[in-house]
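Participant: PDB, C-alpha atoms, file start_11.pdb:
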ATOM      1  CA  LYS A  23     -34.925 -13.994  -4.562  1.00  0.00           C
ATOM      2  CA  GLU A  24     -35.126 -17.759  -4.871  1.00  0.00           C
ATOM      3  CA  VAL A  25     -33.426 -19.433  -7.825  1.00  0.00           C
ATOM      4  CA  ASP A  26     -36.014 -20.708 -10.290  1.00  0.00           C
ATOM      5  CA  LEU A  27     -34.706 -24.145 -11.245  1.00  0.00           C
ATOM      6  CA  LYS A  28     -36.930 -24.219 -14.331  1.00  0.00           C
ATOM      7  CA  PHE A  29     -34.589 -21.774 -16.073  1.00  0.00           C
ATOM      8  CA  PRO A  30     -31.242 -23.012 -17.514  1.00  0.00           C
ATOM      9  CA  LEU A  31     -27.963 -21.824 -15.986  1.00  0.00           C
ATOM     10  CA  ARG A  32     -26.064 -19.152 -17.927  1.00  0.00           C
ATOM     11  CA  LEU A  33     -22.658 -17.565 -17.693  1.00  0.00           C
ATOM     12  CA  VAL A  34     -22.450 -14.152 -16.046  1.00  0.00           C
ATOM     13  CA  SER A  35     -19.600 -11.787 -15.289  1.00  0.00           C
ATOM     14  CA  ARG A  36     -17.911 -12.125 -11.902  1.00  0.00           C
ATOM     15  CA  GLY A  37     -18.947  -8.532 -11.274  1.00  0.00           C
ATOM     16  CA  THR A  38     -22.656  -9.170 -11.893  1.00  0.00           C
ATOM     17  CA  GLN A  39     -24.675  -8.341  -8.780  1.00  0.00           C
ATOM     18  CA  SER A  40     -27.932  -9.939  -7.713  1.00  0.00           C
ATOM     19  CA  ASN A  41     -29.841  -6.984  -9.197  1.00  0.00           C
ATOM     20  CA  GLY A  42     -28.209  -7.546 -12.601  1.00  0.00           C
ATOM     21  CA  ARG A  43     -25.921  -4.514 -12.464  1.00  0.00           C
ATOM     22  CA  ILE A  44     -22.208  -4.843 -13.290  1.00  0.00           C
ATOM     23  CA  SER A  45     -20.021  -3.693 -10.391  1.00  0.00           C
ATOM     24  CA  ALA A  46     -16.715  -3.858 -12.288  1.00  0.00           C
ATOM     25  CA  HIS A  47     -16.257  -3.337 -16.009  1.00  0.00           C
ATOM     26  CA  VAL A  48     -13.501  -4.816 -18.150  1.00  0.00           C
ATOM     27  CA  PRO A  49     -10.810  -2.173 -18.873  1.00  0.00           C
ATOM     28  CA  SER A  50     -10.908  -0.567 -22.299  1.00  0.00           C
ATOM     29  CA  LYS A  51      -8.136  -1.138 -24.845  1.00  0.00           C
ATOM     30  CA  GLU A  52      -6.814   2.377 -24.197  1.00  0.00           C
ATOM     31  CA  GLN A  53      -6.714   1.797 -20.439  1.00  0.00           C
ATOM     32  CA  THR A  54      -4.996  -1.571 -20.916  1.00  0.00           C
ATOM     33  CA  LEU A  55      -2.260  -0.120 -23.141  1.00  0.00           C
ATOM     34  CA  GLU A  56      -1.672   2.747 -20.683  1.00  0.00           C
ATOM     35  CA  HIS A  57      -1.213   0.355 -17.772  1.00  0.00           C
ATOM     36  CA  TRP A  58       0.985  -1.964 -19.832  1.00  0.00           C
ATOM     37  CA  GLY A  59       3.284   0.978 -20.530  1.00  0.00           C
ATOM     38  CA  SER A  60       3.645   1.782 -16.820  1.00  0.00           C
ATOM     39  CA  LEU A  61       4.186  -1.877 -15.932  1.00  0.00           C
ATOM     40  CA  THR A  62       6.855  -2.263 -18.639  1.00  0.00           C
ATOM     41  CA  THR A  63       8.764   0.701 -17.203  1.00  0.00           C
ATOM     42  CA  TYR A  64       8.563  -0.814 -13.715  1.00  0.00           C
ATOM     43  CA  ILE A  65       9.774  -4.260 -14.786  1.00  0.00           C
ATOM     44  CA  ASP A  66      12.579  -2.942 -16.999  1.00  0.00           C
ATOM     45  CA  SER A  67      13.930  -0.709 -14.216  1.00  0.00           C
ATOM     46  CA  LEU A  68      13.393  -3.124 -11.336  1.00  0.00           C
ATOM     47  CA  ASP A  69      16.900  -4.552 -10.965  1.00  0.00           C
ATOM     48  CA  GLY A  70      18.525  -1.133 -10.917  1.00  0.00           C
ATOM     49  CA  VAL A  71      15.976   0.308  -8.505  1.00  0.00           C
ATOM     50  CA  LEU A  72      16.399  -2.616  -6.106  1.00  0.00           C
ATOM     51  CA  LYS A  73      20.154  -2.006  -5.975  1.00  0.00           C
ATOM     52  CA  GLN A  74      19.535   1.625  -5.013  1.00  0.00           C
ATOM     53  CA  LEU A  75      16.813   0.746  -2.525  1.00  0.00           C
ATOM     54  CA  ASP A  76      18.486  -2.119  -0.653  1.00  0.00           C
ATOM     55  CA  PRO A  77      21.088  -0.158   1.401  1.00  0.00           C
ATOM     56  CA  ILE A  78      18.427   2.382   2.393  1.00  0.00           C
ATOM     57  CA  ALA A  79      15.984  -0.334   3.470  1.00  0.00           C
ATOM     58  CA  LYS A  80      18.741  -2.164   5.349  1.00  0.00           C
ATOM     59  CA  LYS A  81      19.476   0.969   7.380  1.00  0.00           C
ATOM     60  CA  VAL A  82      15.795   1.405   8.257  1.00  0.00           C
ATOM     61  CA  ALA A  83      15.330  -2.266   9.216  1.00  0.00           C
ATOM     62  CA  SER A  84      18.355  -2.070  11.530  1.00  0.00           C
ATOM     63  CA  HIS A  85      16.286   0.041  13.941  1.00  0.00           C
ATOM     64  CA  ASN A  86      14.238  -2.999  15.020  1.00  0.00           C
ATOM     65  CA  ASP A  87      14.892  -6.684  15.761  1.00  0.00           C
ATOM     66  CA  ASN A  88      12.413  -8.042  13.228  1.00  0.00           C
ATOM     67  CA  ASN A  89      13.896  -7.061   9.854  1.00  0.00           C
ATOM     68  CA  ALA A  90      10.800  -4.931   9.336  1.00  0.00           C
ATOM     69  CA  VAL A  91      10.215  -1.712   7.410  1.00  0.00           C
ATOM     70  CA  VAL A  92       7.227   0.562   7.874  1.00  0.00           C
ATOM     71  CA  VAL A  93       6.272   1.786   4.407  1.00  0.00           C
ATOM     72  CA  MET A  94       4.390   4.943   3.565  1.00  0.00           C
ATOM     73  CA  VAL A  95       3.756   6.522   0.158  1.00  0.00           C
ATOM     74  CA  CYS A  96       3.012  10.191  -0.311  1.00  0.00           C
ATOM     75  CA  ASN A  97       2.832  12.918  -2.937  1.00  0.00           C
ATOM     76  CA  PHE A  98       2.782  16.655  -2.309  1.00  0.00           C
ATOM     77  CA  GLY A  99      -0.992  16.808  -2.426  1.00  0.00           C
ATOM     78  CA  GLN A 100      -1.110  14.556   0.654  1.00  0.00           C
ATOM     79  CA  SER A 101       1.741  16.277   2.490  1.00  0.00           C
ATOM     80  CA  GLU A 102      -0.544  17.819   5.123  1.00  0.00           C
ATOM     81  CA  LEU A 103      -1.535  14.305   6.190  1.00  0.00           C
ATOM     82  CA  LEU A 104       2.134  13.350   6.414  1.00  0.00           C
ATOM     83  CA  LEU A 105       2.848  16.403   8.575  1.00  0.00           C
ATOM     84  CA  ASN A 106      -0.067  15.478  10.821  1.00  0.00           C
ATOM     85  CA  PHE A 107       1.204  11.910  11.210  1.00  0.00           C
ATOM     86  CA  VAL A 108       4.741  12.944  12.171  1.00  0.00           C
ATOM     87  CA  CYS A 109       3.607  15.685  14.573  1.00  0.00           C
ATOM     88  CA  ASN A 110       1.135  13.303  16.196  1.00  0.00           C
ATOM     89  CA  ALA A 111       3.806  10.622  16.680  1.00  0.00           C
ATOM     90  CA  ARG A 112       6.199  13.107  18.269  1.00  0.00           C
ATOM     91  CA  ARG A 113       3.480  14.420  20.550  1.00  0.00           C
ATOM     92  CA  LYS A 114       2.935  10.867  21.792  1.00  0.00           C
ATOM     93  CA  GLY A 115       6.640  10.332  22.457  1.00  0.00           C
ATOM     94  CA  LEU A 116       7.162   8.043  19.449  1.00  0.00           C
ATOM     95  CA  THR A 117       9.945  10.010  17.756  1.00  0.00           C
ATOM     96  CA  ASP A 118      12.373   7.079  17.949  1.00  0.00           C
ATOM     97  CA  VAL A 119       9.829   4.756  16.296  1.00  0.00           C
ATOM     98  CA  LEU A 120       9.773   7.030  13.234  1.00  0.00           C
ATOM     99  CA  SER A 121      13.222   5.665  12.361  1.00  0.00           C
ATOM    100  CA  ASN A 122      11.474   2.452  11.238  1.00  0.00           C
ATOM    101  CA  ILE A 123       9.705   4.316   8.416  1.00  0.00           C
ATOM    102  CA  LEU A 124      10.770   4.385   4.783  1.00  0.00           C
ATOM    103  CA  LEU A 125       8.767   7.079   3.028  1.00  0.00           C
ATOM    104  CA  PHE A 126       8.414   6.538  -0.716  1.00  0.00           C
ATOM    105  CA  ALA A 127       7.981  10.039  -2.107  1.00  0.00           C
ATOM    106  CA  THR A 128       6.470  10.263  -5.575  1.00  0.00           C
ATOM    107  CA  ASP A 129       7.870  13.755  -6.184  1.00  0.00           C
ATOM    108  CA  GLU A 130      10.950  15.704  -5.124  1.00  0.00           C
ATOM    109  CA  GLU A 131       8.971  18.255  -3.106  1.00  0.00           C
ATOM    110  CA  THR A 132       7.610  15.538  -0.853  1.00  0.00           C
ATOM    111  CA  GLN A 133      11.039  13.957  -0.511  1.00  0.00           C
ATOM    112  CA  GLN A 134      12.531  17.260   0.664  1.00  0.00           C
ATOM    113  CA  LEU A 135       9.651  17.842   3.082  1.00  0.00           C
ATOM    114  CA  ALA A 136       9.867  14.322   4.553  1.00  0.00           C
ATOM    115  CA  GLU A 137      13.624  14.517   5.005  1.00  0.00           C
ATOM    116  CA  GLY A 138      13.139  17.857   6.728  1.00  0.00           C
ATOM    117  CA  LEU A 139      10.854  16.029   9.153  1.00  0.00           C
ATOM    118  CA  GLY A 140      13.617  13.512   9.861  1.00  0.00           C
ATOM    119  CA  LEU A 141      12.206  10.601   7.837  1.00  0.00           C
ATOM    120  CA  THR A 142      14.207   8.270   5.626  1.00  0.00           C
ATOM    121  CA  THR A 143      13.000   8.593   2.026  1.00  0.00           C
ATOM    122  CA  PHE A 144      13.311   7.027  -1.401  1.00  0.00           C
ATOM    123  CA  PHE A 145      12.345   8.705  -4.672  1.00  0.00           C
ATOM    124  CA  ASP A 146      12.291   6.526  -7.789  1.00  0.00           C
ATOM    125  CA  GLU A 147      12.515   8.955 -10.694  1.00  0.00           C
ATOM    126  CA  GLN A 148      11.961   6.269 -13.336  1.00  0.00           C
ATOM    127  CA  ASN A 149       8.656   5.015 -11.970  1.00  0.00           C
ATOM    128  CA  PHE A 150       7.406   7.974  -9.936  1.00  0.00           C
ATOM    129  CA  GLY A 151       8.659  10.885 -12.012  1.00  0.00           C
ATOM    130  CA  LYS A 152       5.385  11.221 -13.912  1.00  0.00           C
ATOM    131  CA  MET A 153       3.114  10.603 -10.933  1.00  0.00           C
ATOM    132  CA  PRO A 154       0.628  13.391 -10.142  1.00  0.00           C
ATOM    133  CA  LYS A 155       1.618  15.857  -7.421  1.00  0.00           C
ATOM    134  CA  ASN A 156      -1.945  16.836  -6.535  1.00  0.00           C
ATOM    135  CA  ALA A 157      -4.241  14.942  -4.182  1.00  0.00           C
ATOM    136  CA  ALA A 158      -6.987  12.739  -5.581  1.00  0.00           C
ATOM    137  CA  ARG A 159     -10.313  14.537  -5.882  1.00  0.00           C
ATOM    138  CA  GLN A 160     -12.336  11.426  -5.176  1.00  0.00           C
ATOM    139  CA  TYR A 161     -12.088   7.690  -4.570  1.00  0.00           C
ATOM    140  CA  ALA A 162     -10.915   5.699  -7.614  1.00  0.00           C
ATOM    141  CA  ASP A 163     -10.211   8.710  -9.832  1.00  0.00           C
ATOM    142  CA  LYS A 164      -7.094   8.647 -12.041  1.00  0.00           C
ATOM    143  CA  VAL A 165      -4.813  10.229  -9.426  1.00  0.00           C
ATOM    144  CA  PHE A 166      -6.051   7.782  -6.793  1.00  0.00           C
ATOM    145  CA  MET A 167      -5.354   4.807  -9.060  1.00  0.00           C
ATOM    146  CA  GLN A 168      -1.844   5.986  -9.942  1.00  0.00           C
ATOM    147  CA  MET A 169      -0.976   6.381  -6.272  1.00  0.00           C
ATOM    148  CA  MET A 170      -2.380   2.924  -5.573  1.00  0.00           C
ATOM    149  CA  ALA A 171       0.001   1.499  -8.188  1.00  0.00           C
ATOM    150  CA  ALA A 172       2.934   3.185  -6.427  1.00  0.00           C
ATOM    151  CA  LYS A 173       1.870   1.602  -3.138  1.00  0.00           C
ATOM    152  CA  VAL A 174       1.869  -1.860  -4.712  1.00  0.00           C
ATOM    153  CA  TYR A 175       5.307  -1.354  -6.286  1.00  0.00           C
ATOM    154  CA  CYS A 176       6.872  -0.304  -2.973  1.00  0.00           C
ATOM    155  CA  VAL A 177       5.628  -3.301  -1.011  1.00  0.00           C
ATOM    156  CA  GLN A 178       6.653  -5.736  -3.729  1.00  0.00           C
ATOM    157  CA  MET A 179      10.177  -4.294  -3.956  1.00  0.00           C
ATOM    158  CA  LEU A 180      10.797  -4.535  -0.227  1.00  0.00           C
ATOM    159  CA  SER A 181       9.380  -8.051  -0.131  1.00  0.00           C
ATOM    160  CA  MET A 182      11.735  -9.044  -2.952  1.00  0.00           C
ATOM    161  CA  LEU A 183      14.632  -7.648  -0.924  1.00  0.00           C
ATOM    162  CA  GLY A 184      13.698  -9.895   2.017  1.00  0.00           C
ATOM    163  CA  TYR A 185      12.040  -7.514   4.478  1.00  0.00           C
ATOM    164  CA  ASP A 186       8.859  -7.728   6.504  1.00  0.00           C
ATOM    165  CA  VAL A 187       6.610  -4.815   5.561  1.00  0.00           C
ATOM    166  CA  LEU A 188       4.075  -2.861   7.572  1.00  0.00           C
ATOM    167  CA  PHE A 189       2.322  -0.660   5.049  1.00  0.00           C
ATOM    168  CA  GLN A 190       0.157   2.247   6.137  1.00  0.00           C
ATOM    169  CA  ASP A 191      -1.490   5.228   4.507  1.00  0.00           C
ATOM    170  CA  VAL A 192      -0.480   8.711   5.619  1.00  0.00           C
ATOM    171  CA  ASP A 193      -3.924   9.383   7.130  1.00  0.00           C
ATOM    172  CA  VAL A 194      -3.304   6.773   9.849  1.00  0.00           C
ATOM    173  CA  VAL A 195      -1.917   7.846  13.250  1.00  0.00           C
ATOM    174  CA  TRP A 196      -0.244   5.801  15.979  1.00  0.00           C
ATOM    175  CA  TYR A 197      -1.220   5.459  19.621  1.00  0.00           C
ATOM    176  CA  LYS A 198       1.883   3.353  20.284  1.00  0.00           C
ATOM    177  CA  ASN A 199       4.595   1.483  18.391  1.00  0.00           C
ATOM    178  CA  PRO A 200       2.667  -0.969  16.152  1.00  0.00           C
ATOM    179  CA  LEU A 201       5.571  -3.304  15.307  1.00  0.00           C
ATOM    180  CA  PRO A 202       5.794  -5.380  18.552  1.00  0.00           C
ATOM    181  CA  TRP A 203       2.193  -6.577  18.194  1.00  0.00           C
ATOM    182  CA  PHE A 204       2.993  -8.430  14.969  1.00  0.00           C
ATOM    183  CA  HIS A 205       5.975 -10.220  16.562  1.00  0.00           C
ATOM    184  CA  ASP A 206       4.513 -11.113  19.943  1.00  0.00           C
ATOM    185  CA  GLU A 207       4.554 -14.916  20.078  1.00  0.00           C
ATOM    186  CA  THR A 208       1.936 -14.886  22.856  1.00  0.00           C
ATOM    187  CA  ASN A 209      -0.451 -13.096  20.503  1.00  0.00           C
ATOM    188  CA  PRO A 210      -3.235 -15.561  19.519  1.00  0.00           C
ATOM    189  CA  HIS A 211      -3.011 -14.148  15.978  1.00  0.00           C
ATOM    190  CA  TYR A 212       0.769 -14.575  15.760  1.00  0.00           C
ATOM    191  CA  HIS A 213       0.790 -17.291  13.074  1.00  0.00           C
ATOM    192  CA  PHE A 214       0.037 -15.381   9.898  1.00  0.00           C
ATOM    193  CA  ASP A 215       1.609 -14.558   6.536  1.00  0.00           C
ATOM    194  CA  MET A 216      -0.347 -11.383   5.836  1.00  0.00           C
ATOM    195  CA  TYR A 217      -2.558  -9.445   8.219  1.00  0.00           C
ATOM    196  CA  PHE A 218      -5.248  -7.035   6.989  1.00  0.00           C
ATOM    197  CA  GLN A 219      -8.014  -5.144   8.699  1.00  0.00           C
ATOM    198  CA  ASP A 220     -11.551  -5.568   7.392  1.00  0.00           C
ATOM    199  CA  ASP A 221     -12.534  -2.900   4.898  1.00  0.00           C
ATOM    200  CA  GLY A 222     -16.139  -2.718   6.039  1.00  0.00           C
ATOM    201  CA  ASN A 223     -17.314  -2.697   2.433  1.00  0.00           C
ATOM    202  CA  HIS A 224     -18.455  -6.213   1.591  1.00  0.00           C
ATOM    203  CA  ALA A 225     -19.668  -5.471  -1.919  1.00  0.00           C
ATOM    204  CA  LEU A 226     -19.057  -8.106  -4.596  1.00  0.00           C
ATOM    205  CA  PHE A 227     -16.225  -6.024  -6.073  1.00  0.00           C
ATOM    206  CA  TYR A 228     -14.135  -6.617  -2.902  1.00  0.00           C
ATOM    207  CA  ALA A 229     -15.029 -10.287  -2.448  1.00  0.00           C
ATOM    208  CA  PRO A 230     -14.069 -12.647  -1.000  1.00  0.00           C
ATOM    209  CA  TYR A 231     -11.867 -11.051   1.689  1.00  0.00           C
ATOM    210  CA  SER A 232     -12.837  -7.348   1.777  1.00  0.00           C
ATOM    211  CA  ALA A 233      -9.293  -6.524   2.889  1.00  0.00           C
ATOM    212  CA  ASN A 234      -8.395  -2.896   3.539  1.00  0.00           C
ATOM    213  CA  THR A 235      -4.959  -1.857   2.262  1.00  0.00           C
ATOM    214  CA  GLY A 236      -4.621   1.286   4.371  1.00  0.00           C
ATOM    215  CA  PHE A 237      -2.837  -0.634   7.141  1.00  0.00           C
ATOM    216  CA  TYR A 238      -1.516  -4.172   6.697  1.00  0.00           C
ATOM    217  CA  TYR A 239       1.481  -6.372   7.525  1.00  0.00           C
ATOM    218  CA  VAL A 240       3.301  -8.773   5.177  1.00  0.00           C
ATOM    219  CA  ARG A 241       5.835 -11.268   6.456  1.00  0.00           C
ATOM    220  CA  ASN A 242       8.780 -12.253   4.278  1.00  0.00           C
ATOM    221  CA  ASN A 243       8.741 -16.024   4.630  1.00  0.00           C
ATOM    222  CA  GLU A 244       8.703 -19.216   2.618  1.00  0.00           C
TER     223      GLU A 244
END
For this file, write the structure as structure tokens.

Facilitator:
Amino acid sequence: KEVDLKFPLRLVSRGTQSNGRISAHVPSKEQTLEHWGSLTTYIDSLDGVLKQLDPIAKKVASHNDNNAVVVMVCNFGQSELLLNFVCNARRKGLTDVLSNILLFATDEETQQLAEGLGLTTFFDEQNFGKMPKNAARQYADKVFMQMMAAKVYCVQMLSMLGYDVLFQDVDVVWYKNPLPWFHDETNPHYHFDMYFQDDGNHALFYAPYSANTGFYYVRNNE
């Protein structure tokens, strides 16, 4: 519709769509306090967790020449996807590339399973101990959102420790080693700080970039 200039301008929410519907609502007081509690735990424990994490990340990053760590996050409800990923990589002859992965398990069962598969793992009891073990039932439900928070924590911690991070969800599979592509200086897309794939959903809620966080690369630079 054309803008009728006879009407005065008025403030609207960022989430207001052209049809007048609100695509994103402000969190309730209860939701805000719940998230503040989780964030306080994360911040208060951060220094100690980083000290535990650093030697593990250093070992993983030593398997490539780019100081990079491939990060995955998984709970027991998603463990079938993790099994599929590892089996697929081995079938394609990528067993040695799996040494670049640091699997952040959000429960002890997943940690034991991942280590049995030969992956390097890290389980943060303070921040992940109360995470749900079951898979999300649908997009953006409470389990989904809690797992999303874990994924943000992991990337931030490794970035603070000075590592490049390739983050990927456990439902992604490899056709070849993905790391060299991001460090190929002949690549026309070589000069980047962060590299995301397009989400495909260009709704206002995801504006302006519509970046998908299921597979992305973050460089540790100035």

Participant: With 6 Å of padding per side, what axis-aligned box (centre and edge lengths, Å, one decimal) covers all the listed atoms of segment 151-155 of chain A? Give it as lines of an AutoDock Vina configuration file.

Facilitator:
center_x = 4.6
center_y = 13.2
center_z = -10.7
size_x = 20.0
size_y = 17.3
size_z = 18.5

Participant: Return the single residue from A:Ala111, A:Thr54, A:Leu141, A:Val95 that is closest to Cys176 of chain A, with distances computed using all atoms listed in the file.

Facilitator: A:Val95

Participant: Please determine, counting all atoms listed in the file, which residue among A:Asn223, A:Asn110, A:Ser181, A:Asn199 has the shortest atom-to-atom distance to Asp76 of chain A.

Facilitator: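 Counting all atoms listed in the file, the residue closest to Asp76 of chain A is A:Ser181.
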
Participant: For the provided coordinates, the residues matched by the PyMOL selection byres ((chain A and resi 37) around 9) should be stated as an MDAnalysis selection string.

Facilitator: chainID A and resid 34:36 38:39 43:47 226:227

Participant: So which residues get picked by the PyMOL selection byres ((chain A and resi 106) around 12) here, written as a PyMOL selection string?

Facilitator: chain A and resi 100-105+107-113+136+139+192-196

Participant: Please list as an NGL selection string every residue within 8 Å of segment 96-99 of chain A, counting all atoms listed in the file and excluding residues in the same chain fewer than 3 positions away.

Facilitator: :A and (102 or 104 or 125-129 or 131-132 or 154-158 or 192)

Participant: Take the PyMOL selection byres ((chain A and resi 206-220) around 6), apply it to the structure above, and return the hits as a ChimeraX atom specification.

Facilitator: /A:203-205,221-222,233-234,238-241

Participant: One number please: atom CA of Ser84 of chain A to atom CA of Asn122 of chain A, in Å, one decimal.

Facilitator: 8.2 Å

Participant: Applying 12 Å and all atoms listed in the file, which residues near Ser60 of chain A remain after dropping the ones on its own chain fewer than 4 positions away? List them as a CSV table (one decimal) with C-alpha atoms, in the coordinates of the input.

Facilitator:
chain,number,residue,atom,x,y,z
A,53,GLN,CA,-6.7,1.8,-20.4
A,54,THR,CA,-5.0,-1.6,-20.9
A,55,LEU,CA,-2.3,-0.1,-23.1
A,56,GLU,CA,-1.7,2.7,-20.7
A,64,TYR,CA,8.6,-0.8,-13.7
A,65,ILE,CA,9.8,-4.3,-14.8
A,66,ASP,CA,12.6,-2.9,-17.0
A,67,SER,CA,13.9,-0.7,-14.2
A,148,GLN,CA,12.0,6.3,-13.3
A,149,ASN,CA,8.7,5.0,-12.0
A,150,PHE,CA,7.4,8.0,-9.9
A,151,GLY,CA,8.7,10.9,-12.0
A,152,LYS,CA,5.4,11.2,-13.9
A,153,MET,CA,3.1,10.6,-10.9
A,168,GLN,CA,-1.8,6.0,-9.9
A,171,ALA,CA,0.0,1.5,-8.2
A,172,ALA,CA,2.9,3.2,-6.4
A,175,TYR,CA,5.3,-1.4,-6.3

Participant: Measuring between only C-alpha atoms, which one of A:Val93, A:Leu135, A:Glu52, A:Val25 shows the shortest distance to Val177 of chain A?

Facilitator: A:Val93

Participant: Rank nothing, just name the residue among A:His85, A:Leu188, A:Gln133, A:Ser232 nearest to Pro200 of chain A, using only C-alpha atoms.

Facilitator: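 Comparing A:His85, A:Leu188, A:Gln133, A:Ser232 against Pro200 of chain A, the winner is A:Leu188.
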
Participant: What is the atom CA of Leu72 of chain A to atom CA of Asp118 of chain A distance in Å?

Facilitator: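 Computed distance, atom CA of Leu72 of chain A to atom CA of Asp118 of chain A, equals 26.2 Å.
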